[in-house]
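A.B. asks: Sharing a structure here in structure tokens format.
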Amino acid sequence: MNNQINVANPIYPIMILIGVAHLINDTMQAVIPAMFPIFKSELGLTFTQIGLISFVLNIVASALQPIVGFVSDKKPMPYALPIGMISSFIAITIIAFTTQYWIILIAVLFLGFGSAIFHPEGSRVSFMAAGSKRGLAQSIYQVGGNSGQALAPLISAYIFDIFGQRGAAIVLVAATFGIILLTKIAKWYKKQLEQERTAKKKRVLISTLPPLTKKQVGVALTLLFTIIFARSFYTTNITSFYVFYLMDHYDVNLRLGQILIFLFMAFGVVGTFFGGSLSDRIGRKNVIILSVVVPMPFCLALPYVPLWAAMIFLVIIGTLIMISFSVTVVYAQELVPSKIGTMAGLTTGFAFGMGAIGAMVIGVLIDHKGIDFTMMVVSLLPLLLLIAFFLPKDKPATSAA
């Protein structure tokens, strides 16, 4: 007897609402990199200390996300969604008013915990609402998150530059709305689970990949995680430290520097959105390869070009390197289609983890070798992305549906 459901009809309102919730969640996380210039100028922190803050935030999210995903595969937890945002609310409240470095580290623990809870369960909601539009659904979900992250430089330029550290409290208004929104989504989520239990059927993901052995799956996941490592390390360098390079190398002020970082992240949102729907049409692997080959020469040349070219390069790199962001999550889920939450937790958690390690390593490298040398070294990282050519070939979702 068939005990599995493959829902064909997408539920667009839920897809959009969970994307909005993701935007709010990641806006709260964006407060941390947005405050880096404040931490440096007002609290006198070193690049190493700033890197450690980012490391603590992301490593907690990285370590816990796969665990939350694994547990949710066994026993889904709808109301973990608003609980996670409450934890982040507490963190931002603390960060807005403390000047103690160790208290900031404790606060980002709460923020990392909230993120770790939200992401696997949010990805599961996206999957449940996706129907046959898995790439599109994951893109809408990730666009929300990337949009929240893209607000970091604007928050820095137009909130912290004006109101200082206590400007972080402004974000609490959005967090309150997020808690209410996630409570409503949790009710829908719980209702879907009850319908599955009543029907004694479970939603599953139909993979677009050919049958693979366990060894082939293991190799493919290793390649995929290497791609995520290189991409996360590189983008962390741009979003957290490149503003200091702009200020030092091109003598721009903080506000203009943050606006340029916003351009990189904003066009990354555009790439993320189109990447998912494009992968439904031409295949996940093809989109991943596209995100590797086209932006690579621009990544390699970025440290050496004049400011006007750097602006253009940031737009091109942001758009194309992030076009595979949501696609790698779906690709991992299709490698192990019975573990939706686990694979979402592993891929996004690994991305957070690599961002954490990247922030720490880059911060130390800048303190010891200088920012010019560091930017040149990190510009070589995208060469690792060429291993994407060795990923197993998949079929377009439109032909597999």
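For the structure tokens, the naming scheme is as follows: chains receive sequential letters (A, B, ...) according to their order of presentation, residues are indexed from 1 within each chain, and ligands are indexed from 1 in presentation order.
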With only C-alpha atoms as the counted atoms, please give the residues lying no more than 12 Å from Asn25 of chain A, apart from itself and same-chain residues fewer than 6 positions off, as a ChimeraX atom specification.
C.D. replies: /A:18-19,31,81-89,91-92,111-119,122,141-142,144-149,151,171-172,174-179,181-182
A.B. asks: Extract, using only C-alpha atoms, all DNA, RNA and protein residues at most 8 Å from Arg166 of chain A, discarding same-chain residues fewer than 3 positions from it, and format them as a PyMOL selection string.
C.D. replies: chain A and resi 96-97+160+163+169
A.B. asks: Tell me which protein, DNA and RNA residues are within 8 Å of Val143 of chain A, counting only C-alpha atoms, leaving out same-chain ones fewer than 3 positions away, and put them as a list in words.
C.D. replies: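 Close residues of Val143 of chain A: Gly19, Leu23, Ser139, Ile140, Asn146, Ser147, Val269, Val270, Thr272 and Phe273 of chain A.
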